[in-house]
>>> print(open('structure.cif').read())   # mmCIF, C-alpha atoms
data_input
loop_
_atom_site.group_PDB
_atom_site.id
_atom_site.type_symbol
_atom_site.label_atom_id
_atom_site.label_comp_id
_atom_site.auth_asym_id
_atom_site.auth_seq_id
_atom_site.Cartn_x
_atom_site.Cartn_y
_atom_site.Cartn_z
ATOM 1 C CA MET A 749 14.177 95.576 70.037
ATOM 2 C CA ALA A 750 15.782 98.579 68.360
ATOM 3 C CA TYR A 751 16.925 98.332 64.770
ATOM 4 C CA VAL A 752 20.626 97.642 64.302
ATOM 5 C CA ASN A 753 22.290 98.698 61.048
ATOM 6 C CA THR A 754 23.031 95.930 58.571
ATOM 7 C CA ILE A 755 26.660 97.056 58.192
ATOM 8 C CA ASP A 756 29.314 98.700 60.358
ATOM 9 C CA ALA A 757 32.746 100.289 59.853
ATOM 10 C CA SER A 758 34.374 96.866 59.319
ATOM 11 C CA TYR A 759 32.945 96.815 55.763
ATOM 12 C CA PHE A 760 35.198 99.722 54.708
ATOM 13 C CA PHE A 761 38.489 98.170 53.636
ATOM 14 C CA GLY A 762 40.171 97.110 50.405
ATOM 15 C CA SER A 763 38.725 99.147 47.557
ATOM 16 C CA LEU A 764 36.301 100.753 50.041
ATOM 17 C CA THR A 765 38.971 101.834 52.508
ATOM 18 C CA ILE A 766 38.244 105.002 54.412
ATOM 19 C CA GLY A 767 41.475 106.395 55.801
ATOM 20 C CA GLN A 768 42.059 106.947 59.514
ATOM 21 C CA LYS A 769 39.071 104.844 60.631
ATOM 22 C CA SER A 770 40.616 104.579 64.099
ATOM 23 C CA ASP A 771 40.459 108.373 64.512
ATOM 24 C CA VAL A 772 37.468 109.236 66.721
ATOM 25 C CA ALA A 773 36.150 111.932 64.369
ATOM 26 C CA VAL A 774 36.458 109.717 61.282
ATOM 27 C CA SER A 775 34.894 106.775 63.087
ATOM 28 C CA ALA A 776 31.972 108.973 64.155
ATOM 29 C CA ALA A 777 31.604 110.296 60.597
ATOM 30 C CA ILE A 778 31.417 106.719 59.278
ATOM 31 C CA VAL A 779 28.687 105.829 61.797
ATOM 32 C CA ILE A 780 26.760 108.960 60.822
ATOM 33 C CA ALA A 781 27.122 108.083 57.127
ATOM 34 C CA ILE A 782 25.841 104.548 57.749
ATOM 35 C CA ASP A 783 22.952 105.866 59.878
ATOM 36 C CA THR A 784 22.105 108.343 57.113
ATOM 37 C CA TYR A 785 22.526 106.330 53.929
ATOM 38 C CA GLU A 786 21.570 102.757 54.892
ATOM 39 C CA PRO A 787 17.899 103.650 55.536
ATOM 40 C CA VAL A 788 17.760 105.765 52.380
ATOM 41 C CA LEU A 789 19.111 102.943 50.213
ATOM 42 C CA LEU A 790 16.958 100.236 51.800
ATOM 43 C CA GLN A 791 13.807 102.304 51.276
ATOM 44 C CA TYR A 792 14.819 102.904 47.646
ATOM 45 C CA LEU A 793 15.515 99.205 47.108
ATOM 46 C CA LEU A 794 12.635 97.626 48.979
ATOM 47 C CA GLY A 795 9.927 100.265 49.066
ATOM 48 C CA TYR A 796 8.628 101.671 52.304
ATOM 49 C CA GLU A 797 6.338 98.750 53.238
ATOM 50 C CA THR A 798 9.026 96.067 52.891
ATOM 51 C CA TYR A 799 11.562 98.368 54.555
ATOM 52 C CA LYS A 800 9.196 98.935 57.496
ATOM 53 C CA ALA A 801 8.747 95.176 57.916
ATOM 54 C CA TYR A 802 12.545 94.702 57.693
ATOM 55 C CA LEU A 803 12.999 97.268 60.491
ATOM 56 C CA ALA A 804 10.483 95.407 62.655
ATOM 57 C CA TRP A 805 12.373 92.111 62.215
ATOM 58 C CA ASN A 806 14.481 91.276 65.286
ATOM 59 C CA GLY A 807 17.596 90.371 63.275
ATOM 60 C CA THR A 808 17.915 86.798 64.471
ATOM 61 C CA GLU A 809 14.787 84.777 63.720
ATOM 62 C CA ALA A 810 14.711 82.723 60.548
ATOM 63 C CA GLY A 811 12.504 83.817 57.708
ATOM 64 C CA ARG A 812 12.314 86.074 54.719
ATOM 65 C CA PHE A 813 14.370 88.924 56.167
ATOM 66 C CA LYS A 814 17.183 86.672 57.286
ATOM 67 C CA VAL A 815 17.289 85.389 53.692
ATOM 68 C CA LEU A 816 17.211 88.958 52.379
ATOM 69 C CA ARG A 817 20.122 89.919 54.616
ATOM 70 C CA SER A 818 22.202 86.735 54.333
ATOM 71 C CA GLY A 819 21.381 85.298 50.896
ATOM 72 C CA LEU A 820 19.868 82.182 49.349
ATOM 73 C CA GLU A 821 20.133 79.990 46.289
ATOM 74 C CA TYR A 822 16.898 80.271 44.302
ATOM 75 C CA THR A 823 15.273 79.515 40.959
ATOM 76 C CA SER A 824 14.807 82.636 38.848
ATOM 77 C CA GLN A 825 11.772 83.317 36.688
ATOM 78 C CA ASN A 826 13.541 81.876 33.637
ATOM 79 C CA GLY A 827 14.171 78.597 35.486
ATOM 80 C CA THR A 828 17.895 78.978 36.157
ATOM 81 C CA THR A 829 19.407 78.447 39.584
ATOM 82 C CA LYS A 830 20.998 81.601 40.962
ATOM 83 C CA LYS A 831 22.493 82.802 44.217
ATOM 84 C CA TRP A 832 21.365 85.970 45.961
ATOM 85 C CA LYS A 833 24.422 86.809 48.093
ATOM 86 C CA GLY A 834 22.496 88.935 50.573
ATOM 87 C CA LEU A 835 22.494 92.548 51.677
ATOM 88 C CA ARG A 836 25.701 91.602 53.455
ATOM 89 C CA TYR A 837 27.932 88.567 53.067
ATOM 90 C CA THR A 838 31.415 87.248 53.651
ATOM 91 C CA THR A 839 33.598 85.923 50.833
ATOM 92 C CA GLY A 840 35.513 82.655 51.058
ATOM 93 C CA LEU A 841 38.538 84.622 52.278
ATOM 94 C CA GLY A 842 36.555 86.223 55.086
ATOM 95 C CA THR A 843 36.136 89.579 53.362
ATOM 96 C CA LYS A 844 32.960 91.422 54.392
ATOM 97 C CA LYS A 845 30.953 92.785 51.454
ATOM 98 C CA SER A 846 27.702 94.682 51.119
ATOM 99 C CA LEU A 847 25.977 96.725 48.464
ATOM 100 C CA ILE A 848 25.031 99.040 51.338
ATOM 101 C CA ALA A 849 28.726 99.652 52.083
ATOM 102 C CA ASN A 850 29.289 100.588 48.432
ATOM 103 C CA TYR A 851 26.431 103.105 48.548
ATOM 104 C CA VAL A 852 27.611 104.601 51.849
ATOM 105 C CA TYR A 853 31.220 104.774 50.580
ATOM 106 C CA TYR A 854 30.153 106.537 47.387
ATOM 107 C CA HIS A 855 28.316 109.243 49.321
ATOM 108 C CA TYR A 856 30.851 109.478 52.166
ATOM 109 C CA MET A 857 33.671 110.142 49.704
ATOM 110 C CA ALA A 858 31.610 112.726 47.807
ATOM 111 C CA GLU A 859 30.856 114.581 51.038
ATOM 112 C CA ASN A 860 34.389 114.495 52.395
ATOM 113 C CA VAL A 861 36.363 115.699 49.380
ATOM 114 C CA THR A 862 36.348 119.194 50.843
ATOM 115 C CA ILE A 863 36.105 120.748 54.285
ATOM 116 C CA SER A 864 33.357 123.278 54.974
ATOM 117 C CA THR A 865 34.628 126.446 56.619
ATOM 118 C CA GLY A 866 33.170 129.858 57.398
ATOM 119 C CA THR A 867 34.725 131.169 54.190
ATOM 120 C CA GLY A 868 33.638 128.364 51.877
ATOM 121 C CA GLU A 869 34.819 124.915 50.845
ATOM 122 C CA LYS A 870 38.507 124.111 51.330
ATOM 123 C CA VAL A 871 40.830 121.236 50.544
ATOM 124 C CA ALA A 872 43.172 120.284 53.376
ATOM 125 C CA ALA A 873 46.862 120.862 52.643
ATOM 126 C CA ASN A 874 48.834 117.754 53.557
ATOM 127 C CA GLN A 875 52.574 117.486 53.917
ATOM 128 C CA ASN A 876 54.183 114.775 51.778
ATOM 129 C CA ALA A 877 50.951 114.218 49.827
ATOM 130 C CA ILE A 878 49.321 115.474 46.665
ATOM 131 C CA ASN A 879 45.556 115.742 46.407
ATOM 132 C CA ALA A 880 43.966 113.220 44.086
ATOM 133 C CA ASP A 881 40.452 112.823 42.750
ATOM 134 C CA ALA A 882 38.443 110.064 44.444
ATOM 135 C CA ILE A 883 35.986 109.745 41.546
ATOM 136 C CA GLN A 884 37.574 106.558 40.137
ATOM 137 C CA LYS A 885 37.061 104.753 43.444
ATOM 138 C CA GLN A 886 33.569 106.177 43.820
ATOM 139 C CA VAL A 887 32.615 104.996 40.321
ATOM 140 C CA LYS A 888 34.014 101.519 41.006
ATOM 141 C CA ALA A 889 32.049 101.292 44.267
ATOM 142 C CA TRP A 890 28.863 102.493 42.565
ATOM 143 C CA ASN A 891 29.179 100.098 39.632
ATOM 144 C CA GLU A 892 29.808 97.110 41.926
ATOM 145 C CA MET A 893 26.654 98.127 43.809
ATOM 146 C CA VAL A 894 24.649 98.279 40.563
ATOM 147 C CA GLY A 895 25.482 94.632 39.813
ATOM 148 C CA GLU A 896 24.345 93.612 43.294
ATOM 149 C CA ILE A 897 21.105 95.610 42.976
ATOM 150 C CA ILE A 898 20.307 93.926 39.647
ATOM 151 C CA SER A 899 20.771 90.592 41.419
ATOM 152 C CA LEU A 900 18.512 91.779 44.260
ATOM 153 C CA ILE A 901 15.753 92.799 41.867
ATOM 154 C CA ASP A 902 15.905 89.411 40.148
ATOM 155 C CA PHE A 903 15.712 87.715 43.558
ATOM 156 C CA LEU A 904 12.760 89.815 44.761
ATOM 157 C CA VAL A 905 10.839 89.353 41.508
ATOM 158 C CA SER A 906 11.501 85.599 41.536
ATOM 159 C CA LYS A 907 10.333 85.448 45.147
ATOM 160 C CA SER A 908 7.313 87.735 44.701
ATOM 161 C CA ASP A 909 5.178 85.253 46.650
ATOM 162 C CA VAL A 910 7.417 85.896 49.687
ATOM 163 C CA TYR A 911 8.168 89.612 49.209
ATOM 164 C CA THR A 912 4.637 90.623 48.229
ATOM 165 C CA GLU A 913 5.110 94.281 49.192
ATOM 166 C CA PHE A 914 7.920 94.633 46.642
ATOM 167 C CA GLU A 915 5.672 93.600 43.766
ATOM 168 C CA ALA A 916 3.364 96.553 44.498
ATOM 169 C CA TYR A 917 6.395 98.882 44.798
ATOM 170 C CA ARG A 918 8.197 97.646 41.681
ATOM 171 C CA PRO A 919 6.626 100.139 39.203
ATOM 172 C CA PHE A 920 7.985 102.938 41.426
ATOM 173 C CA PHE A 921 11.498 101.524 41.828
ATOM 174 C CA PRO A 922 14.111 104.292 41.279
ATOM 175 C CA TYR A 923 15.914 102.809 38.280
ATOM 176 C CA GLU A 924 18.669 105.430 38.466
ATOM 177 C CA LEU A 925 20.116 103.108 41.134
ATOM 178 C CA ILE A 926 20.937 100.586 38.404
ATOM 179 C CA GLN A 927 22.556 103.029 36.020
ATOM 180 C CA TYR A 928 26.289 102.527 35.743
ATOM 181 C CA LYS A 929 28.461 105.606 36.215
ATOM 182 C CA ASN A 930 31.779 106.703 34.767
ATOM 183 C CA SER A 931 34.314 109.277 35.879
ATOM 184 C CA LEU A 932 33.070 111.763 33.282
ATOM 185 C CA GLY A 933 29.550 111.834 34.677
ATOM 186 C CA LEU A 934 28.150 110.445 31.435
#
>>> encode(input="structure.cif", output="structure tokens")
Amino acid sequence: MAYVNTIDASYFFGSLTIGQKSDVAVSAAIVIAIDTYEPVLLQYLLGYETYKAYLAWNGTEAGRFKVLRSGLEYTSQNGTTKKWKGLRYTTGLGTKKSLIANYVYYHYMAENVTISTGTGEKVAANQNAINADAIQKQVKAWNEMVGEIISLIDFLVSKSDVYTEFEAYRPFFPYELIQYKNSLGL
């Protein structure tokens, strides 16, 4: 069975809204962004060995990868009960959320601020609109993702007997993924 992405375009709404999603070109760009950035993030988060095993999982059978994707209540190393929400989850109001969507949104917005032309980078001129900087929304998306990644790390460390590959990868984890950002780049 071929791997199916964990998220799709339906995760981009609310604070992660990408305008004109129904436009064919925008819809295709979102799919390309998901196809590009989901594997990158999952390899960063899980390490290659765990990521490879996650790819091999069929997406439906119960087990450690279903828990990784959908969440689980667990006991952390300090003995407290916590909830790992999952790589994707739905809130009580039916809102789809995912740390992957935040990562994809951050990079999608950074890439689509300008339009590449034969004469350099350009900003589209819109009637009845003034260009604004997307950095505030990007920073918010990134910082929400950081909180989720911290929760993921706690989950994986607490469940090191289940996610054994992560324990070997942990010293190499790219900790810049859990550094909060601000609009000044500081």
>>> atom_distance(input="structure.cif", atom1="atom CA of A:Tyr799", atom2="atom CA of A:Leu900")
14.1 Å
>>> resolve_selection(input="structure.cif", expression="the PyMOL selection byres ((chain A and resi 818) around 10)", output="PyMOL selection string")
chain A and resi 812-817+819-820+832-838
>>> residues_around(input="structure.cif", residues="stretch 919-929 of chain A", least_positions_apart="3", cutoff="10 Å", atoms="all atoms listed in the file", output="list in words")
Leu789, Gln791, Tyr792, Leu793, Leu794, Gly795, Tyr851, Gln884, Gln886, Val887, Lys888, Ala889, Trp890, Asn891, Glu892, Met893, Val894, Gly895, Glu896, Ile897, Ile898, Ile901, Phe914, Glu915, Ala916, Leu932, Gly933 and Leu934 of chain A
>>> closest_residue(input="structure.cif", among="A:Lys831, A:Ser908, A:Ser931, A:Ser758", to="A:Ser770", atoms="all atoms listed in the file")
A:Ser758
>>> atom_distance(input="structure.cif", atom1="atom CA of A:Tyr853", atom2="atom CA of A:Phe760")
7.6 Å
>>> resolve_selection(input="structure.cif", expression="the PyMOL selection byres ((chain A and resi 822) around 10)", output="list in words")
Gly819, Leu820, Glu821, Thr823, Ser824, Gln825, Gly827, Thr828, Thr829, Lys830, Lys831, Trp832, Phe903, Ser906 and Lys907 of chain A
>>> write_last_selection(input="structure.cif", atoms="C-alpha atoms", output="PDB file, in the frame of the given file")
ATOM      1  CA  GLY A 819      21.381  85.298  50.896  1.00  0.00           C
ATOM      2  CA  LEU A 820      19.868  82.182  49.349  1.00  0.00           C
ATOM      3  CA  GLU A 821      20.133  79.990  46.289  1.00  0.00           C
ATOM      4  CA  THR A 823      15.273  79.515  40.959  1.00  0.00           C
ATOM      5  CA  SER A 824      14.807  82.636  38.848  1.00  0.00           C
ATOM      6  CA  GLN A 825      11.772  83.317  36.688  1.00  0.00           C
ATOM      7  CA  GLY A 827      14.171  78.597  35.486  1.00  0.00           C
ATOM      8  CA  THR A 828      17.895  78.978  36.157  1.00  0.00           C
ATOM      9  CA  THR A 829      19.407  78.447  39.584  1.00  0.00           C
ATOM     10  CA  LYS A 830      20.998  81.601  40.962  1.00  0.00           C
ATOM     11  CA  LYS A 831      22.493  82.802  44.217  1.00  0.00           C
ATOM     12  CA  TRP A 832      21.365  85.970  45.961  1.00  0.00           C
ATOM     13  CA  PHE A 903      15.712  87.715  43.558  1.00  0.00           C
ATOM     14  CA  SER A 906      11.501  85.599  41.536  1.00  0.00           C
ATOM     15  CA  LYS A 907      10.333  85.448  45.147  1.00  0.00           C
TER      16      LYS A 907
END
>>> resolve_selection(input="structure.cif", expression="the PyMOL selection byres ((chain A and resi 784) around 12)", output="list in words")
Asn753, Ala777, Ile778, Val779, Ile780, Ala781, Ile782, Asp783, Tyr785, Glu786, Pro787, Val788, Leu789, Leu790, Gln791, Ile848, Tyr851, Val852, Tyr853, His855 and Tyr856 of chain A
>>> closest_residue(input="structure.cif", among="A:Tyr802, A:Tyr854, A:Phe761, A:Tyr796", to="A:Tyr917", atoms="only C-alpha atoms")
A:Tyr796
